[in-house]
$ cat final-v3.cif   # mmCIF, C-alpha atoms and all ligand atoms
data_query
#
loop_
_atom_site.label_atom_id
_atom_site.label_comp_id
_atom_site.auth_asym_id
_atom_site.auth_seq_id
_atom_site.Cartn_x
_atom_site.Cartn_y
_atom_site.Cartn_z
CA MET A 281 16.40 -26.18 -24.04
CA ALA A 282 13.73 -28.73 -23.20
CA GLU A 283 12.73 -28.30 -19.61
CA GLU A 284 11.14 -30.73 -17.23
CA VAL A 285 9.01 -29.18 -14.51
CA ILE A 286 7.12 -31.37 -12.06
CA LEU A 287 5.11 -30.25 -9.06
CA LEU A 288 4.42 -32.56 -6.13
CA ASP A 289 1.22 -31.05 -4.85
CA VAL A 290 -2.06 -31.42 -3.00
CA LEU A 291 -4.98 -29.49 -4.49
CA LEU A 292 -6.38 -28.28 -1.14
CA SER A 293 -3.04 -26.96 0.13
CA MET A 294 -2.62 -23.19 0.44
CA PHE A 295 1.14 -23.80 0.15
CA GLY A 296 0.73 -25.78 -3.06
CA ALA A 297 -1.56 -23.02 -4.36
CA ARG A 298 1.30 -20.50 -4.13
CA VAL A 299 3.39 -22.54 -6.50
CA ARG A 300 0.51 -23.21 -8.92
CA ILE A 301 -0.22 -19.47 -9.08
CA ALA A 302 3.43 -18.51 -9.59
CA LEU A 303 3.81 -21.07 -12.39
CA ALA A 304 0.60 -19.82 -14.00
CA GLU A 305 1.74 -16.19 -13.73
CA LYS A 306 4.98 -17.11 -15.50
CA GLU A 307 3.14 -19.35 -17.99
CA VAL A 308 5.35 -22.32 -17.19
CA LYS A 309 4.11 -25.71 -18.40
CA TYR A 310 4.45 -28.43 -15.81
CA GLU A 311 3.23 -31.80 -14.72
CA ASN A 312 1.22 -31.81 -11.50
CA LYS A 313 1.59 -34.97 -9.44
CA GLU A 314 -1.11 -34.99 -6.77
CA GLN A 315 0.20 -36.62 -3.60
CA ASN A 316 -1.50 -38.67 -0.90
CA LEU A 317 -0.09 -37.39 2.38
CA SER A 318 -1.45 -40.42 4.26
CA ASP A 319 0.65 -42.65 2.05
CA LYS A 320 3.70 -40.67 0.96
CA SER A 321 5.18 -41.63 -2.40
CA PRO A 322 8.82 -42.72 -2.76
CA LEU A 323 9.27 -39.70 -5.04
CA LEU A 324 8.11 -37.25 -2.35
CA LEU A 325 10.34 -38.89 0.27
CA GLU A 326 13.29 -38.78 -2.11
CA MET A 327 12.71 -35.17 -3.19
CA ASN A 328 11.94 -33.74 0.26
CA PRO A 329 13.64 -36.10 2.72
CA ILE A 330 13.93 -33.37 5.37
CA HIS A 331 10.33 -32.19 5.75
CA LYS A 332 8.51 -34.83 3.66
CA LYS A 333 5.96 -32.16 2.73
CA ILE A 334 4.40 -30.79 -0.40
CA PRO A 335 4.85 -28.63 -2.39
CA VAL A 336 8.07 -29.70 -4.07
CA LEU A 337 9.07 -28.31 -7.45
CA ILE A 338 11.30 -30.62 -9.44
CA HIS A 339 13.10 -28.66 -12.14
CA ASN A 340 15.15 -30.81 -14.52
CA GLY A 341 15.43 -33.46 -11.83
CA LYS A 342 16.44 -31.11 -9.01
CA PRO A 343 14.06 -30.50 -6.10
CA VAL A 344 13.21 -27.13 -4.56
CA CYS A 345 11.26 -27.26 -1.28
CA GLU A 346 9.27 -24.78 0.82
CA SER A 347 6.56 -22.84 -0.99
CA LEU A 348 7.92 -19.29 -0.56
CA ILE A 349 11.39 -20.40 -1.60
CA ILE A 350 9.86 -22.13 -4.62
CA VAL A 351 7.95 -18.99 -5.63
CA GLU A 352 11.15 -16.96 -5.40
CA TYR A 353 13.00 -19.60 -7.42
CA ILE A 354 10.31 -19.48 -10.12
CA ASP A 355 10.58 -15.69 -10.17
CA ASN A 356 14.34 -15.89 -10.66
CA VAL A 357 14.35 -18.65 -13.27
CA TRP A 358 11.46 -17.53 -15.51
CA GLN A 359 12.08 -13.85 -15.99
CA ARG A 360 10.06 -13.50 -19.18
CA LYS A 361 7.10 -12.10 -17.27
CA ALA A 362 6.84 -9.25 -14.75
CA PRO A 363 8.73 -9.96 -11.52
CA LEU A 364 6.74 -11.26 -8.56
CA LEU A 365 9.12 -9.84 -5.98
CA PRO A 366 9.95 -6.13 -6.00
CA THR A 367 13.40 -5.26 -7.36
CA ASP A 368 14.10 -2.59 -4.76
CA PRO A 369 15.98 -4.20 -1.82
CA TYR A 370 13.89 -2.52 0.85
CA GLN A 371 10.60 -3.37 -0.84
CA ARG A 372 11.84 -6.92 -1.29
CA SER A 373 12.59 -7.21 2.42
CA GLN A 374 9.10 -5.99 3.23
CA ALA A 375 7.45 -8.44 0.87
CA ARG A 376 9.41 -11.29 2.47
CA PHE A 377 8.46 -10.00 5.93
CA TRP A 378 4.73 -10.13 5.19
CA ALA A 379 4.89 -13.50 3.48
CA ASP A 380 6.72 -14.82 6.54
CA PHE A 381 4.04 -13.20 8.74
CA VAL A 382 1.38 -15.19 6.86
CA ASP A 383 3.24 -18.43 7.67
CA LYS A 384 4.11 -17.61 11.27
CA LYS A 385 0.86 -15.96 12.33
CA LEU A 386 -2.05 -16.54 9.97
CA TYR A 387 -1.47 -20.22 9.32
CA VAL A 388 -0.98 -20.95 13.01
CA ALA A 389 -3.99 -18.87 14.11
CA GLY A 390 -6.10 -20.47 11.37
CA ASN A 391 -5.26 -23.97 12.55
CA LYS A 392 -6.41 -23.04 16.05
CA VAL A 393 -9.76 -21.96 14.62
CA LEU A 394 -10.16 -25.17 12.62
CA THR A 395 -9.47 -27.36 15.64
CA ILE A 396 -11.83 -25.56 18.04
CA THR A 397 -13.47 -28.16 20.23
CA THR A 398 -15.56 -26.03 22.54
CA LYS A 399 -17.69 -22.95 22.02
CA GLY A 400 -17.19 -20.19 24.54
CA GLU A 401 -13.72 -19.15 25.65
CA GLU A 402 -11.62 -21.34 23.38
CA GLN A 403 -13.58 -20.18 20.38
CA GLU A 404 -13.37 -16.53 21.40
CA THR A 405 -9.59 -16.68 21.87
CA ALA A 406 -8.94 -18.46 18.58
CA LYS A 407 -11.31 -16.19 16.70
CA LYS A 408 -9.71 -13.05 18.14
CA GLU A 409 -6.18 -14.15 17.30
CA PHE A 410 -7.18 -15.03 13.73
CA LEU A 411 -9.14 -11.83 13.09
CA ASP A 412 -6.45 -9.64 14.69
CA THR A 413 -3.93 -11.22 12.31
CA LEU A 414 -6.16 -10.62 9.29
CA LYS A 415 -6.67 -7.01 10.39
CA MET A 416 -2.91 -6.47 10.46
CA LEU A 417 -2.74 -7.79 6.92
CA GLU A 418 -5.64 -5.58 5.90
CA ALA A 419 -3.88 -2.54 7.40
CA GLU A 420 -0.73 -3.40 5.44
CA LEU A 421 -2.79 -3.64 2.25
CA GLY A 422 -4.35 -0.23 2.95
CA ASP A 423 -5.99 1.25 -0.13
CA LYS A 424 -3.63 -0.40 -2.59
CA PRO A 425 -5.12 -2.87 -5.08
CA TYR A 426 -2.42 -5.43 -4.24
CA PHE A 427 0.08 -5.78 -1.40
CA GLY A 428 2.97 -4.64 -3.57
CA GLY A 429 1.02 -1.73 -5.07
CA GLU A 430 -0.44 -1.69 -8.55
CA SER A 431 0.53 -5.19 -9.59
CA PHE A 432 -0.13 -8.67 -8.25
CA GLY A 433 2.98 -10.10 -6.57
CA PHE A 434 4.72 -12.11 -3.88
CA VAL A 435 2.61 -11.26 -0.82
CA ASP A 436 -0.62 -11.68 -2.78
CA ILE A 437 0.59 -15.13 -3.82
CA ALA A 438 1.59 -15.97 -0.24
CA LEU A 439 -1.83 -15.06 1.12
CA VAL A 440 -4.53 -15.69 -1.47
CA GLY A 441 -4.56 -19.48 -1.08
CA PHE A 442 -6.01 -18.97 2.39
CA TYR A 443 -9.12 -17.50 0.78
CA SER A 444 -10.23 -21.03 -0.14
CA TRP A 445 -10.21 -21.82 3.57
CA PHE A 446 -12.26 -18.79 4.65
CA HIS A 447 -15.61 -20.59 4.70
CA ALA A 448 -14.12 -23.24 6.99
CA TYR A 449 -12.51 -20.65 9.30
CA GLU A 450 -15.76 -18.69 9.40
CA THR A 451 -17.90 -21.72 10.18
CA PHE A 452 -15.74 -23.16 12.96
CA GLY A 453 -14.87 -19.72 14.36
CA ASN A 454 -18.41 -18.33 14.06
CA PHE A 455 -17.47 -15.07 12.37
CA SER A 456 -17.66 -13.32 9.01
CA VAL A 457 -14.37 -12.15 7.49
CA GLU A 458 -16.29 -9.82 5.20
CA ALA A 459 -17.89 -8.08 8.19
CA GLU A 460 -14.52 -7.73 9.95
CA CYS A 461 -12.18 -7.13 7.00
CA PRO A 462 -14.15 -5.86 4.01
CA LYS A 463 -11.09 -4.51 2.19
CA LEU A 464 -9.33 -7.83 2.46
CA ILE A 465 -12.32 -9.61 0.91
CA ALA A 466 -12.40 -7.02 -1.88
CA TRP A 467 -8.68 -7.73 -2.44
CA ALA A 468 -9.29 -11.52 -2.52
CA LYS A 469 -12.06 -11.07 -5.08
CA ARG A 470 -9.77 -8.85 -7.14
CA CYS A 471 -7.14 -11.60 -7.08
CA MET A 472 -9.78 -14.19 -8.05
CA GLU A 473 -10.44 -12.22 -11.23
CA LYS A 474 -7.02 -13.38 -12.39
CA GLU A 475 -7.10 -16.72 -14.12
CA SER A 476 -3.76 -17.66 -12.58
CA VAL A 477 -5.50 -17.49 -9.19
CA SER A 478 -9.04 -18.72 -9.88
CA LYS A 479 -7.80 -21.77 -11.77
CA SER A 480 -5.30 -22.61 -9.03
CA LEU A 481 -7.62 -22.52 -6.02
CA PRO A 482 -10.07 -25.16 -4.79
CA ASP A 483 -13.54 -23.90 -3.93
CA GLN A 484 -14.44 -23.03 -0.38
CA LYS A 485 -17.06 -25.77 0.00
CA THR A 486 -14.60 -28.50 -0.96
CA VAL A 487 -12.12 -27.26 1.63
CA TYR A 488 -14.87 -27.00 4.25
CA GLU A 489 -15.97 -30.60 3.63
CA TYR A 490 -12.36 -31.75 3.92
CA VAL A 491 -12.01 -29.99 7.29
CA VAL A 492 -15.23 -31.64 8.50
CA GLN A 493 -13.73 -35.06 7.57
CA VAL A 494 -10.44 -34.33 9.30
CA ARG A 495 -12.20 -33.15 12.45
CA LYS A 496 -14.22 -36.38 12.48
CA LYS A 497 -11.07 -38.44 12.04
CA PHE A 498 -9.55 -36.74 15.08
CA GLY A 499 -12.75 -37.12 17.06
CA ILE A 500 -13.65 -33.41 17.18
CA GLU A 501 -17.27 -32.63 16.32
N1 LIG B 1 6.38 -24.42 5.16
C1 LIG B 1 5.93 -25.36 4.18
C2 LIG B 1 4.61 -25.95 4.61
C3 LIG B 1 4.14 -27.05 3.70
C4 LIG B 1 3.09 -27.93 4.37
O1 LIG B 1 2.72 -27.74 5.53
N2 LIG B 1 2.61 -28.93 3.62
C5 LIG B 1 1.67 -29.88 4.15
C6 LIG B 1 0.42 -29.93 3.32
S1 LIG B 1 -0.47 -28.41 3.39
C7 LIG B 1 2.28 -31.26 4.11
O2 LIG B 1 2.86 -31.67 3.12
N3 LIG B 1 2.14 -32.04 5.21
C8 LIG B 1 2.58 -33.38 5.26
C9 LIG B 1 3.07 -33.74 6.63
O3 LIG B 1 3.17 -32.85 7.47
O4 LIG B 1 3.33 -34.91 6.85
C10 LIG B 1 5.80 -24.65 2.83
O5 LIG B 1 5.62 -23.44 2.83
O6 LIG B 1 5.94 -25.31 1.80
C1 LIG B 2 -4.37 -42.32 0.70
O1 LIG B 2 -3.72 -43.28 1.47
C2 LIG B 2 -4.53 -43.84 2.50
C3 LIG B 2 -3.63 -44.75 3.36
O2 LIG B 2 -3.03 -45.73 2.57
C4 LIG B 2 -5.72 -44.57 1.87
O3 LIG B 2 -6.55 -45.09 2.88
C5 LIG B 2 -6.50 -43.58 1.02
O4 LIG B 2 -7.54 -44.23 0.33
C6 LIG B 2 -5.59 -42.90 -0.01
N1 LIG B 2 -6.33 -41.84 -0.66
C7 LIG B 2 -6.42 -41.76 -1.97
C8 LIG B 2 -7.21 -40.61 -2.49
O5 LIG B 2 -5.88 -42.54 -2.71
C1 LIG B 3 -22.06 -16.87 16.89
O1 LIG B 3 -21.96 -15.46 16.78
C2 LIG B 3 -23.21 -14.79 16.93
C3 LIG B 3 -22.99 -13.32 16.58
O2 LIG B 3 -21.81 -12.81 17.13
C4 LIG B 3 -23.73 -15.02 18.33
O3 LIG B 3 -24.99 -14.37 18.51
C5 LIG B 3 -23.90 -16.53 18.54
O4 LIG B 3 -24.30 -16.79 19.86
C6 LIG B 3 -22.60 -17.26 18.24
N1 LIG B 3 -22.83 -18.69 18.27
C7 LIG B 3 -22.06 -19.54 18.97
C8 LIG B 3 -22.43 -20.98 18.84
O5 LIG B 3 -21.10 -19.18 19.63
#

$ encode --input "final-v3.cif" --output "structure tokens" --more "lines below"
Ligand SMILES: N[C@@H](CCC(=O)N[C@@H](CS)C(=O)NCC(=O)O)C(=O)O
Ligand SMILES: *[C@@H]1O[C@H](CO)[C@@H](O)[C@H](O)[C@H]1NC(C)=O
Ligand SMILES: *[C@@H]1O[C@H](CO)[C@@H](O)[C@H](O)[C@H]1NC(C)=O
Amino acid sequence: MAEEVILLDVLLSMFGARVRIALAEKEVKYENKEQNLSDKSPLLLEMNPIHKKIPVLIHNGKPVCESLIIVEYIDNVWQRKAPLLPTDPYQRSQARFWADFVDKKLYVAGNKVLTITTKGEEQETAKKEFLDTLKMLEAELGDKPYFGGESFGFVDIALVGFYSWFHAYETFGNFSVEAECPKLIAWAKRCMEKESVSKSLPDQKTVYEYVVQVRKKFGIE
């Protein structure tokens, strides 16, 4: 059956990156339609009328929204490759827990770091929250090569897109992730050895320059 797969995406997005990586892991061919979030396209508004956010996967005309839900959908639809989520129900629940933790804690803490306006106390608080969150993730990783064990999977996909943002977090937060979480950096580099990951992620400098622009736009310098 001929399939039509379209991704509404933004290259710098860590949420979009999840979907790009999952599609690459499953070797799905698709058309990437880069979106301008300052001028949302009629297609984006039609396909995600509730949140009006990227990423949106459009599979044979039908939209799927929310990055983690899209990754799970991809895993269920394209079963020709190794599963991304564990098959064991308990392991599955744990993978979903940690992916949800990335959204609820890491993303939120990261945004606080990127919007730091003053050195001193604000910076210290934001930095601590972010690094504490990363340390919890590092503890969950432990000595395993990937979050799910021996193979690259759902939690790796949920988290690795943030690696592109590390230089920006480090610069505005005045810290080194490598100094604080060496095992997590080793894990990120291991993930980057996979073409599905390295080809899906923007480089750290590009993201940093984007954050500088956004901070200027909002009058933070
Ligand atoms: N929970 C969503 C988050 C997606 C998200 O925040 N997308 C941003 C870009 S990184 C967006 O489209 N923002 C547009 C807006 O908020 O107007 C997911 O996992 O897909
Ligand atoms: C995105 O839309 C804004 C607002 O219309 C516009 O100023 C900007 O140039 C657009 N960006 C790109 C890359 O087209
Ligand atoms: C950044 O961190 C270093 C080392 O912890 C510290 O010596 C320096 O004062 C910090 N700089 C700012 C601007 O907070």

$ closest_atom_pairs --input "final-v3.cif" --of "chain A" --to "ligand LIG 2 (chain B)" --cutoff "10 Å" --atoms "all atoms listed in the file" --output "CSV"
residue,atom,partner,partner_atom,distance
A:Glu314,CA,B:LIG2,C8,9.3
A:Gln315,CA,B:LIG2,C1,8.5
A:Asn316,CA,B:LIG2,C1,4.9
A:Leu317,CA,B:LIG2,C1,6.7
A:Ser318,CA,B:LIG2,O1,4.6
A:Asp319,CA,B:LIG2,O1,4.5
A:Lys320,CA,B:LIG2,O1,7.9
A:Ser321,CA,B:LIG2,O1,9.8

$ residues_near_ligand --input "final-v3.cif" --ligand "ligand LIG 1 (chain B)" --cutoff "7 Å" --atoms "all atoms listed in the file" --output "VMD selection string"
chain A and resid 290 293 to 295 317 332 to 335 345 to 348

$ closest_residue --input "final-v3.cif" --among "A:Val308, A:Leu288, A:Leu439, A:Leu386" --to "Leu325 (chain A)" --atoms "only C-alpha atoms"
A:Leu288

$ residues_near_ligand --input "final-v3.cif" --ligand "ligand LIG 3 (chain B)" --cutoff "10 Å" --atoms "only C-alpha atoms and all ligand atoms" --output "ChimeraX atom specification"
/A:398-401,403-404,450-456

$ residues_near_point --input "final-v3.cif" --point "(-10.0, -26.5, 2.3)" --cutoff "9 Å" --atoms "all atoms listed in the file" --output "PDB file with C-alpha atoms, in the coordinates of the input"
ATOM      1  CA  LEU A 291      -4.980 -29.490  -4.490  1.00  0.00           C
ATOM      2  CA  LEU A 292      -6.380 -28.280  -1.140  1.00  0.00           C
ATOM      3  CA  SER A 293      -3.040 -26.960   0.130  1.00  0.00           C
ATOM      4  CA  MET A 294      -2.620 -23.190   0.440  1.00  0.00           C
ATOM      5  CA  PHE A 442      -6.010 -18.970   2.390  1.00  0.00           C
ATOM      6  CA  SER A 444     -10.230 -21.030  -0.140  1.00  0.00           C
ATOM      7  CA  TRP A 445     -10.210 -21.820   3.570  1.00  0.00           C
ATOM      8  CA  PHE A 446     -12.260 -18.790   4.650  1.00  0.00           C
ATOM      9  CA  HIS A 447     -15.610 -20.590   4.700  1.00  0.00           C
ATOM     10  CA  ALA A 448     -14.120 -23.240   6.990  1.00  0.00           C
ATOM     11  CA  PRO A 482     -10.070 -25.160  -4.790  1.00  0.00           C
ATOM     12  CA  ASP A 483     -13.540 -23.900  -3.930  1.00  0.00           C
ATOM     13  CA  GLN A 484     -14.440 -23.030  -0.380  1.00  0.00           C
ATOM     14  CA  LYS A 485     -17.060 -25.770   0.000  1.00  0.00           C
ATOM     15  CA  THR A 486     -14.600 -28.500  -0.960  1.00  0.00           C
ATOM     16  CA  VAL A 487     -12.120 -27.260   1.630  1.00  0.00           C
ATOM     17  CA  TYR A 488     -14.870 -27.000   4.250  1.00  0.00           C
ATOM     18  CA  GLU A 489     -15.970 -30.600   3.630  1.00  0.00           C
ATOM     19  CA  TYR A 490     -12.360 -31.750   3.920  1.00  0.00           C
ATOM     20  CA  VAL A 491     -12.010 -29.990   7.290  1.00  0.00           C
TER      21      VAL A 491
END

$ closest_residue --input "final-v3.cif" --among "A:Leu365, A:Ile350, A:Leu287, A:Asp383" --to "Ile338 (chain A)" --atoms "all atoms listed in the file"
A:Leu287

$ atom_distance --input "final-v3.cif" --atom1 "CA of Tyr387 (chain A)" --atom2 "CA of Thr405 (chain A)"
15.4 Å

$ closest_residue --input "final-v3.cif" --among "A:Val494, A:Ala438, A:Ala459, A:Ala468" --to "Ala375 (chain A)" --atoms "all atoms listed in the file"
A:Ala438

$ residues_around --input "final-v3.cif" --residues "Val477 (chain A)" --least-positions-apart "6" --cutoff "10 Å" --atoms "all atoms listed in the file" --output "JSON, numbers by chain"
{"A": [297, 298, 300, 301, 302, 304, 305, 436, 437, 440, 441, 468, 470, 471]}

$ write_last_selection --input "final-v3.cif" --atoms "C-alpha atoms" --output "tab-separated table (two decimals), in the frame of the given file"
chain	number	residue	atom	x	y	z
A	297	ALA	CA	-1.56	-23.02	-4.36
A	298	ARG	CA	1.30	-20.50	-4.13
A	300	ARG	CA	0.51	-23.21	-8.92
A	301	ILE	CA	-0.22	-19.47	-9.08
A	302	ALA	CA	3.43	-18.51	-9.59
A	304	ALA	CA	0.60	-19.82	-14.00
A	305	GLU	CA	1.74	-16.19	-13.73
A	436	ASP	CA	-0.62	-11.68	-2.78
A	437	ILE	CA	0.59	-15.13	-3.82
A	440	VAL	CA	-4.53	-15.69	-1.47
A	441	GLY	CA	-4.56	-19.48	-1.08
A	468	ALA	CA	-9.29	-11.52	-2.52
A	470	ARG	CA	-9.77	-8.85	-7.14
A	471	CYS	CA	-7.14	-11.60	-7.08
